[in-house]
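S.K.: Would you mind keeping the following structure in view while I ask a few things?
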Amino acid sequence: MSLDLTSTALQIDSMAVELKGRNNEKFRRLQTAVDAIGDFDVDAYQDKLEQSGSSVLWNVPSFTGDPSKSYPPAPIPEDFCVVAVDGSHIDIDRHLPARCYLINTGTVYLRYGSQSDADLSSQPRLYAEEDELVIRDHNAPYRQQNIDGALLGAKRGVEEIKALVHALHNTPKDVPTVGLVDGTLVMFGLQQYPDFVVRELVDNGFVSALEELRQMAAERPLAVGSYISLPRAGEVANALRLQACPFDVAACEQNCGQIPARERACDKAVGGLIDREIFSDFLDKGHRSSVFKSNHPTVSRNYQGHGIHFFYVNTGEEIGRVEVPSWVAENEGSLELVHALVIDQCRRGPGYPVALMEAHEQAVVTGVDRRYFVELVEQALYDQRLPTYSSEKNISKRQKWI
Amino acid sequence: MNFFPDPTEDQQDKRNAMGGKGWHPEDVTGDAVRKPLGMVVAGSLTEGMEVRLDGATSIEKIKVGTFVNIQGRDLQFFGVLTDVSLNSTDPSLRLTPPDVSNPFIFDVISGTTAYGTITVEPMLTLSNDPIEAMDGALPSKTIPPHFSKVATASENDIQKIFGSEDDSHFYIGTPLDMDTKLCLNIEEFVKRSNGVFGKSGTGKTFLTRLLLIGILQNGTASNLVFDMHGEYGWKGTSEGSREVKGLKQLFSSKVAVFSLDDESSRRRGLTPDYVVRIGYDEIEPEDIQVLRESLSLSDVAADASYSLKRKFGKGWLRKFLAYPGGEEFGELARELNVNDRALSTLKNRLERLQRFDFIDESGGHNSVNQILQYLNRGMHVVLEFGRYGNHLEAYMLVANLVTRRIYDRYTRLKEEAMGDPSQEPRPLVITIEEAHKFLSPSLADQTIFGNIARELRKYNVTLLVVDQRPSGIDDEVMSQLGTKIACLLDNDKDTDAVLTGVSGSRKLRSVLSRLESKQQALVFGHAVPMPVVIRTRDYGTAESYKELGFKDEAELAIQVEQDIEDLFGPGS
Amino acid sequence: MNDVNGNGTATTTRLGEVIEGSTTEFRTHCYDLYAAPPLGSLVRCGDGDSAYGIVCDVATQSMDPSRHAIPRGRDSEDEEDVYLSNPQLTRLLYTQFQAVIVGYEDGPGIQRYLPPFPPRIHSFVYDCSTEEVRTFSESLDFLPILLSPSINAQDDVIASFLRIAGACHVDSNVFLVNAGKTLATLMAGQLPRLNNVLRRISP
């Protein structure tokens, strides 16, 4: 039987009622937050942040300017390029007779202006060799970690940025170019894994690609960034919590460890808010917020000096989040280029950067594709006279008996 | 379409061996002018061939009566176009006609979706094999296969079938829409009695005049023409009152004009060779029989003339007319066993003959002998009636009387010759007009003309019947006519009468009934291999006279000089 | 392979490649967006034992059947500007055409009926030169193929082909009248339809 929609609908209704009640309370808090941003004392905040150090449990950013300020986009250059990558993958399927996974990266090169041009491509890569299916600790080769699930997601992020590097190598060097990836530049969620995994993926993977980009950017008008649509990040809101904290030193565990969530002073002031809700009040269409610097521990620990900065933009359709490496954020021209082109891309999208959308279309692996993939694998194994058993569950999924 | 291979040396030789005359199968020069019409798509020997017209052929240019050639595989067929019709492959054509105001669409549709068909009656076949073809054209006993190509006959075809103009082939006209001379086999023509039919004004007289000239030029037979309205001997008139030359003018040395009415002849500038007189004694009861209708005599009254002849003998008519009335007349009636009143009616009517000045009391006139003498000399005699031409009784009486006596003489001469051709009398063609008066069903078995028509050429005398009401002529006589030349006729009865006994008459009927009212005629019978529509040859222009062999005085003078030169050498 | 610009095929252009083929028709993916030959054009596919086809359907569509084009020119001055501002469009859209096979090269001669084998996928497809069209249309024996009901808008295809072929003949009118007559025979009993086609090819 499929989902019992009648019962579900009733529950959805009560959820909507409850949400409405929460919304009124939230609206009040949002006003508080907006007022707070307006009167934000950056210096006091920075002092408190330094004093509190690691005792602050919230992930709070550093401020580089007045958070209530809004910046219009710079005019876009006459000729420019946008290169975007995206990826998707087929995870290891334990029901399949062979252990393997596939990462498909889509790359889009769009050139605008007098020599308008486009190139759309995708690059699938199958990983099936023993060495490719695990990450090993070079110091202790017996230690290894299977690549699947969240780790495969991280691996895909690395492949994406590598694809961006590769693509940018092949684009004109003299035209202002922005490289875009989908999602965040922060490789979070790896804390639970052993060090050698993080080192392999972040230090040797993502960050080394970032370093290559930095070197390229030093020689040509190039900027890179990532775009997050409908961001759920609350870093700036967290900063407001810090400001709302009645204690001199925000030692969360120590001060409020016994108070339930939603009852703490900071909860009451700005709890439950996310950044884009706050900035939707400040940003005119096309404008960006001031730039914040992420203090995410992975960045500080593993990014080898590549800071990750972010700002919010009003694309006209939504408040989006743009993340850029510090060497972009600190170069006014590069920052302006990213801002202007992201807004332009969203305008052409419409609503979402067109290059990213096309990169996604190139990368996407549909359900049909997945089925073909399985068939191809089975056929290949069969051709090699290898056993092609499949789990009974897998078979039962494909053939729906009554 | 050239069915024959290019002439190789072999064939060249064969052609030479075959001599200059006759038809040569390799000789296809004439084929170049065959205009393609279409192809055979259906048909039967009885119904004729259905021919689908090519798109390129305009149906409006198709004429019934056109002489058509059909190329079979082994045979060439010749036939007459007898019907034209419109057809279409699509019945909705009537309801939703295509956009024919657009000339392109019109071009495309005509000949394809909408097309014309013609019906062709195959008449003759000619083998494609050069040796077999030497036998000449034969009547069609089969039909051409499907998809045989059909074209209008070429000049060459006409000559193949009808022969070229020569001593025995007389050029009588041209086929429809062609300039080729179409010839009548005049030798065949004179062997049988023939007829020229057509309603008044269609050119019967023209045709007859041409035929007479044809006979005259051919020379095998003599003409005796009972020229009712003075149209043949001396000047005649053509339609539109233009004067045309008569036989005497064209061939003065060969033609003698006899006249019943000297006065009228002289008025027209002609001195007749002989003025004909008829004696009462020469009139026989048979002559009275012929006049029965024109004198409105009952059978009884007419038959009484035989009794009178028996009673009075030679000179019966004179004696009867002089017979006193009253009691004596009644006695005569009783004696003859004839009704009193019938006899007196006979007397009354016969008295009318006295009005005719050419009849006189004196017996022993020599008119018939004179005619015979002229004829024996190879001359052609035209008997003009002058003012009596308007009196049918006079015409019939004289024609009958003269013919009877000439026929008697011929019969005797023929029998005396006992089959020795050199002793036989020269064949004679007697031309009569208003023939239906002589040859009506009630008279045909009694009059001399009926005899002649039925007896064919047994006694070397044949008729040339000129008439506008063929339906009035006895069927048997009609069927004995060898060659018929029919112009447009007045009504269906006449048309049917002309075509009685002809194969394919139903189809010829449509041809005949659609002839133009002038100068067109359908010719069929013994003198032509197949029925054919002709446009009668011109007559009446200086050029036409020249073509017919007439030389005016200036030319004659030159001819004389030429002859002298030929005889004695130049400069003598 | 034939040198497209070489002497061999003088004035023909390579249009694209076969992406689907049967003995009755083939589908060509054009190399360039909107670079399909006009409806009714004669095209040749393959080198050597070429098949001849007549373009019977031309379509421009999204590469991905699940994606649709949306309007993009509200702020553009002209259509060209739309394409300049959205360079990806030329990669997301493609033009293809369907050609119904009407004959094939059989050694030195041309047969005007279906070939024994379908064109191979990725065979090159060429536009036919005036000379080729004239030679091919010297006989119209293949017209019945064009009348088979499997072709969409076949009457327009026929009319377009005849117009194009007519222009390749010295006496275009004679050619068209003859072609019309052939059609009239083939379309016996369908007079209104015939009339429509004729009106379209009428000079």
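So you can find residues: chains in the structure tokens are A, B, ... in the order shown, residues in each start at 1, and ligands are numbered from 1 in order.
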Could you pull out the alpha helix (DSSP H) residues of stretch 38-186 of chain C from DSSP and send them as a PyMOL selection string?

M.R.: chain C and resi 79-85+89-92+130-136+143-146+154-168+172-186

S.K.: How would the residues just picked look written out with C-alpha atoms as a PDB file, in the first residue's frame?

M.R.:
ATOM      1  CA  GLU C  79      15.783  37.570 -31.021  1.00  0.00           C
ATOM      2  CA  GLU C  80      19.500  37.459 -31.692  1.00  0.00           C
ATOM      3  CA  ASP C  81      20.087  39.201 -28.414  1.00  0.00           C
ATOM      4  CA  VAL C  82      18.215  36.407 -26.644  1.00  0.00           C
ATOM      5  CA  TYR C  83      20.687  33.904 -27.991  1.00  0.00           C
ATOM      6  CA  LEU C  84      23.668  36.143 -27.211  1.00  0.00           C
ATOM      7  CA  SER C  85      22.516  36.626 -23.649  1.00  0.00           C
ATOM      8  CA  LEU C  89      20.586  27.808 -25.592  1.00  0.00           C
ATOM      9  CA  THR C  90      22.477  26.760 -28.689  1.00  0.00           C
ATOM     10  CA  ARG C  91      23.702  23.756 -26.700  1.00  0.00           C
ATOM     11  CA  LEU C  92      20.440  22.862 -25.107  1.00  0.00           C
ATOM     12  CA  THR C 130      21.150  21.256 -58.111  1.00  0.00           C
ATOM     13  CA  GLU C 131      22.678  18.728 -60.454  1.00  0.00           C
ATOM     14  CA  GLU C 132      21.887  15.848 -58.121  1.00  0.00           C
ATOM     15  CA  VAL C 133      18.310  16.997 -57.651  1.00  0.00           C
ATOM     16  CA  ARG C 134      17.883  17.283 -61.403  1.00  0.00           C
ATOM     17  CA  THR C 135      19.311  13.841 -62.026  1.00  0.00           C
ATOM     18  CA  PHE C 136      17.266  12.266 -59.307  1.00  0.00           C
ATOM     19  CA  LEU C 143       6.330   9.664 -55.903  1.00  0.00           C
ATOM     20  CA  PRO C 144       4.145   6.807 -54.611  1.00  0.00           C
ATOM     21  CA  ILE C 145       6.497   6.525 -51.634  1.00  0.00           C
ATOM     22  CA  LEU C 146       5.782  10.119 -50.753  1.00  0.00           C
ATOM     23  CA  GLN C 154       2.723  14.607 -47.001  1.00  0.00           C
ATOM     24  CA  ASP C 155       0.996  16.905 -49.459  1.00  0.00           C
ATOM     25  CA  ASP C 156       3.141  19.797 -48.327  1.00  0.00           C
ATOM     26  CA  VAL C 157       6.209  17.635 -48.511  1.00  0.00           C
ATOM     27  CA  ILE C 158       5.367  16.658 -52.074  1.00  0.00           C
ATOM     28  CA  ALA C 159       4.566  20.210 -53.071  1.00  0.00           C
ATOM     29  CA  SER C 160       7.753  21.536 -51.497  1.00  0.00           C
ATOM     30  CA  PHE C 161       9.844  18.879 -53.129  1.00  0.00           C
ATOM     31  CA  LEU C 162       8.366  19.534 -56.545  1.00  0.00           C
ATOM     32  CA  ARG C 163       8.892  23.256 -56.198  1.00  0.00           C
ATOM     33  CA  ILE C 164      12.505  22.717 -55.250  1.00  0.00           C
ATOM     34  CA  ALA C 165      13.060  20.149 -57.988  1.00  0.00           C
ATOM     35  CA  GLY C 166      11.264  22.341 -60.524  1.00  0.00           C
ATOM     36  CA  ALA C 167      13.746  25.111 -59.909  1.00  0.00           C
ATOM     37  CA  CYS C 168      16.555  22.698 -60.747  1.00  0.00           C
ATOM     38  CA  SER C 172      10.579  24.205 -64.758  1.00  0.00           C
ATOM     39  CA  ASN C 173       7.075  24.461 -66.144  1.00  0.00           C
ATOM     40  CA  VAL C 174       7.350  21.348 -68.244  1.00  0.00           C
ATOM     41  CA  PHE C 175       8.744  19.482 -65.273  1.00  0.00           C
ATOM     42  CA  LEU C 176       5.956  20.646 -63.001  1.00  0.00           C
ATOM     43  CA  VAL C 177       3.209  19.850 -65.483  1.00  0.00           C
ATOM     44  CA  ASN C 178       4.586  16.343 -65.956  1.00  0.00           C
ATOM     45  CA  ALA C 179       4.953  15.910 -62.231  1.00  0.00           C
ATOM     46  CA  GLY C 180       1.422  17.175 -61.765  1.00  0.00           C
ATOM     47  CA  LYS C 181       0.143  14.671 -64.256  1.00  0.00           C
ATOM     48  CA  THR C 182       1.937  11.863 -62.471  1.00  0.00           C
ATOM     49  CA  LEU C 183       0.335  13.024 -59.249  1.00  0.00           C
ATOM     50  CA  ALA C 184      -3.058  13.249 -60.888  1.00  0.00           C
ATOM     51  CA  THR C 185      -2.754   9.604 -61.834  1.00  0.00           C
ATOM     52  CA  LEU C 186      -1.527   8.579 -58.404  1.00  0.00           C
TER      53      LEU C 186
END

S.K.: Can you list, as a ChimeraX atom specification, every protein, DNA or RNA residue that comes within 8 Å of stretch 21-34 of chain C when you count only C-alpha atoms, leaving out same-chain residues fewer than 4 positions away?

M.R.: /C:15-17,53,60,90,93-102,114-121,125

S.K.: Env of A:Leu335: 9 Å cut, atoms = only C-alpha atoms, seq-sep filter 5 positions within chain, self excluded. Answer as a VMD selection string.

M.R.: chain A and resid 223 324 328 to 330 340

S.K.: For each of C:Ser150, C:Ser129, C:Ser202, C:Gln88, take the minimum atom-to-atom distance to C:Thr12, counting only C-alpha atoms, then give the residue where this is smallest.

M.R.: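 Smallest separation from C:Thr12 among the options: C:Ser129.
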
S.K.: Which residue out of C:Met63, C:Leu191, C:Ile54, C:Ile19 has the minimum interatomic distance to chain A when only C-alpha atoms are used?

M.R.: C:Met63

S.K.: Kindly determine which residues of chain A lie within 10 Å of chain C, considering only C-alpha atoms, and give the answer as a list in words.

M.R.: Val108, Tyr109, Leu110, Arg111, Tyr112, Gly113, Ser114, Gln115, Ser116, Asp117, Ala118, Asp119, Leu120, Ser121, Gln345, Arg348, Gly349, Pro350, Val354, Ala355, Glu358 and Glu361 of chain A

S.K.: Identify which of the residues B:Val190, B:Leu247, B:Val402, B:Ala151 lies closest to B:Ile213, counting only C-alpha atoms when measuring atom-to-atom distances.

M.R.: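 That would be B:Leu247, the residue with the smallest distance to B:Ile213.
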
S.K.: Can you tell me, as a PyMOL selection string, what residues are no more than 8 Å from stretch 83-97 of chain A when counting only C-alpha atoms, ignoring any on the same chain fewer than 6 positions away?

M.R.: chain A and resi 103-110+148-149+152+156-157+159-161+163-164+167-168+177-182+355-356+359-360+362-365+370+374+378+387-391+393-394

S.K.: Convert the current residue selection to file output with N, CA and C atoms, as a compact mmCIF listing (two decimals), in the first residue's frame.

M.R.:
# COMPACT_ATOMS: atom_id res chain seq x y z
N ILE A 103 30.70 8.89 -9.97
CA ILE A 103 30.55 10.34 -9.78
C ILE A 103 30.48 10.98 -11.16
N ASN A 104 29.45 11.75 -11.33
CA ASN A 104 29.28 12.42 -12.62
C ASN A 104 29.39 13.91 -12.39
N THR A 105 30.39 14.54 -13.02
CA THR A 105 30.52 15.98 -12.85
C THR A 105 30.07 16.68 -14.13
N GLY A 106 29.26 17.69 -13.95
CA GLY A 106 28.81 18.48 -15.10
C GLY A 106 29.52 19.81 -15.10
N THR A 107 30.00 20.20 -16.24
CA THR A 107 30.73 21.46 -16.34
C THR A 107 30.07 22.33 -17.40
N VAL A 108 29.93 23.60 -17.06
CA VAL A 108 29.31 24.51 -18.02
C VAL A 108 30.21 25.72 -18.20
N TYR A 109 30.46 26.01 -19.42
CA TYR A 109 31.23 27.24 -19.71
C TYR A 109 30.32 28.14 -20.51
N LEU A 110 30.09 29.32 -20.01
CA LEU A 110 29.25 30.27 -20.74
C LEU A 110 30.05 31.54 -20.94
N ASP A 148 31.54 5.72 1.22
CA ASP A 148 30.12 5.62 0.86
C ASP A 148 29.34 6.61 1.71
N GLY A 149 28.10 6.75 1.44
CA GLY A 149 27.27 7.66 2.23
C GLY A 149 27.83 9.07 2.25
N LEU A 152 31.12 9.75 0.58
CA LEU A 152 31.05 9.84 -0.88
C LEU A 152 30.60 11.24 -1.30
N ARG A 156 32.66 13.67 -3.63
CA ARG A 156 32.07 14.31 -4.81
C ARG A 156 32.38 15.80 -4.83
N GLY A 157 32.30 16.44 -3.61
CA GLY A 157 32.62 17.86 -3.52
C GLY A 157 34.04 18.12 -3.99
N GLU A 159 35.72 16.24 -6.12
CA GLU A 159 35.77 16.05 -7.57
C GLU A 159 35.20 17.24 -8.31
N GLU A 160 34.19 17.86 -7.73
CA GLU A 160 33.58 19.03 -8.36
C GLU A 160 34.59 20.16 -8.47
N ILE A 161 35.25 20.45 -7.36
CA ILE A 161 36.17 21.59 -7.41
C ILE A 161 37.38 21.29 -8.28
N ALA A 163 37.10 19.52 -10.97
CA ALA A 163 36.57 19.73 -12.32
C ALA A 163 36.55 21.22 -12.66
N LEU A 164 36.27 22.05 -11.64
CA LEU A 164 36.26 23.50 -11.88
C LEU A 164 37.66 23.96 -12.26
N ALA A 167 38.33 22.92 -15.73
CA ALA A 167 37.58 23.71 -16.71
C ALA A 167 38.17 25.09 -16.87
N LEU A 168 38.59 25.68 -15.74
CA LEU A 168 39.12 27.05 -15.82
C LEU A 168 40.44 27.09 -16.57
N THR A 177 36.35 36.22 -15.34
CA THR A 177 35.69 34.93 -15.22
C THR A 177 35.32 34.66 -13.78
N VAL A 178 34.17 34.07 -13.59
CA VAL A 178 33.81 33.61 -12.26
C VAL A 178 33.57 32.12 -12.34
N GLY A 179 34.21 31.40 -11.40
CA GLY A 179 33.96 29.97 -11.30
C GLY A 179 32.98 29.74 -10.18
N LEU A 180 31.94 28.94 -10.44
CA LEU A 180 30.91 28.73 -9.44
C LEU A 180 30.74 27.26 -9.14
N VAL A 181 30.59 26.96 -7.86
CA VAL A 181 30.16 25.62 -7.50
C VAL A 181 28.86 25.75 -6.73
N ASP A 182 28.17 24.62 -6.68
CA ASP A 182 26.90 24.59 -6.00
C ASP A 182 27.14 24.21 -4.54
N ALA A 355 24.30 29.11 -15.06
CA ALA A 355 25.42 28.19 -15.29
C ALA A 355 25.34 27.02 -14.33
N LEU A 356 24.97 27.32 -13.09
CA LEU A 356 24.86 26.24 -12.11
C LEU A 356 23.71 25.31 -12.46
N ALA A 359 24.85 23.18 -15.18
CA ALA A 359 25.84 22.21 -14.68
C ALA A 359 25.11 21.08 -13.98
N HIS A 360 24.08 21.46 -13.23
CA HIS A 360 23.29 20.43 -12.56
C HIS A 360 22.64 19.50 -13.59
N GLN A 362 23.65 18.84 -16.47
CA GLN A 362 24.66 17.97 -17.05
C GLN A 362 25.02 16.83 -16.10
N ALA A 363 25.03 17.16 -14.83
CA ALA A 363 25.53 16.18 -13.86
C ALA A 363 24.47 15.19 -13.43
N VAL A 364 23.25 15.61 -13.49
CA VAL A 364 22.19 14.86 -12.82
C VAL A 364 22.13 13.42 -13.34
N VAL A 365 21.91 12.53 -12.41
CA VAL A 365 21.73 11.12 -12.76
C VAL A 365 20.29 10.78 -12.39
N ARG A 370 19.99 5.52 -13.47
CA ARG A 370 20.45 4.58 -12.43
C ARG A 370 20.11 3.15 -12.82
N VAL A 374 22.73 0.05 -13.56
CA VAL A 374 22.72 -1.28 -12.96
C VAL A 374 22.75 -2.35 -14.04
N GLU A 378 25.56 -5.24 -14.71
CA GLU A 378 25.23 -6.66 -14.77
C GLU A 378 25.63 -7.27 -16.10
N PRO A 387 29.78 -14.00 -11.74
CA PRO A 387 28.44 -14.20 -11.16
C PRO A 387 27.69 -12.88 -11.04
N THR A 388 26.43 -12.88 -11.38
CA THR A 388 25.65 -11.65 -11.37
C THR A 388 24.45 -11.79 -10.45
N TYR A 389 24.70 -12.43 -9.32
CA TYR A 389 23.58 -12.56 -8.38
C TYR A 389 23.17 -11.17 -7.92
N SER A 390 21.96 -11.05 -7.54
CA SER A 390 21.45 -9.80 -6.99
C SER A 390 20.70 -10.17 -5.74
N SER A 391 20.63 -9.26 -4.81
CA SER A 391 19.91 -9.60 -3.59
C SER A 391 18.45 -9.82 -3.90
N LYS A 393 16.06 -8.77 -2.26
CA LYS A 393 15.33 -7.52 -2.06
C LYS A 393 15.36 -6.68 -3.34
N ASN A 394 16.56 -6.69 -3.92
CA ASN A 394 16.71 -5.91 -5.15
C ASN A 394 15.79 -6.44 -6.24
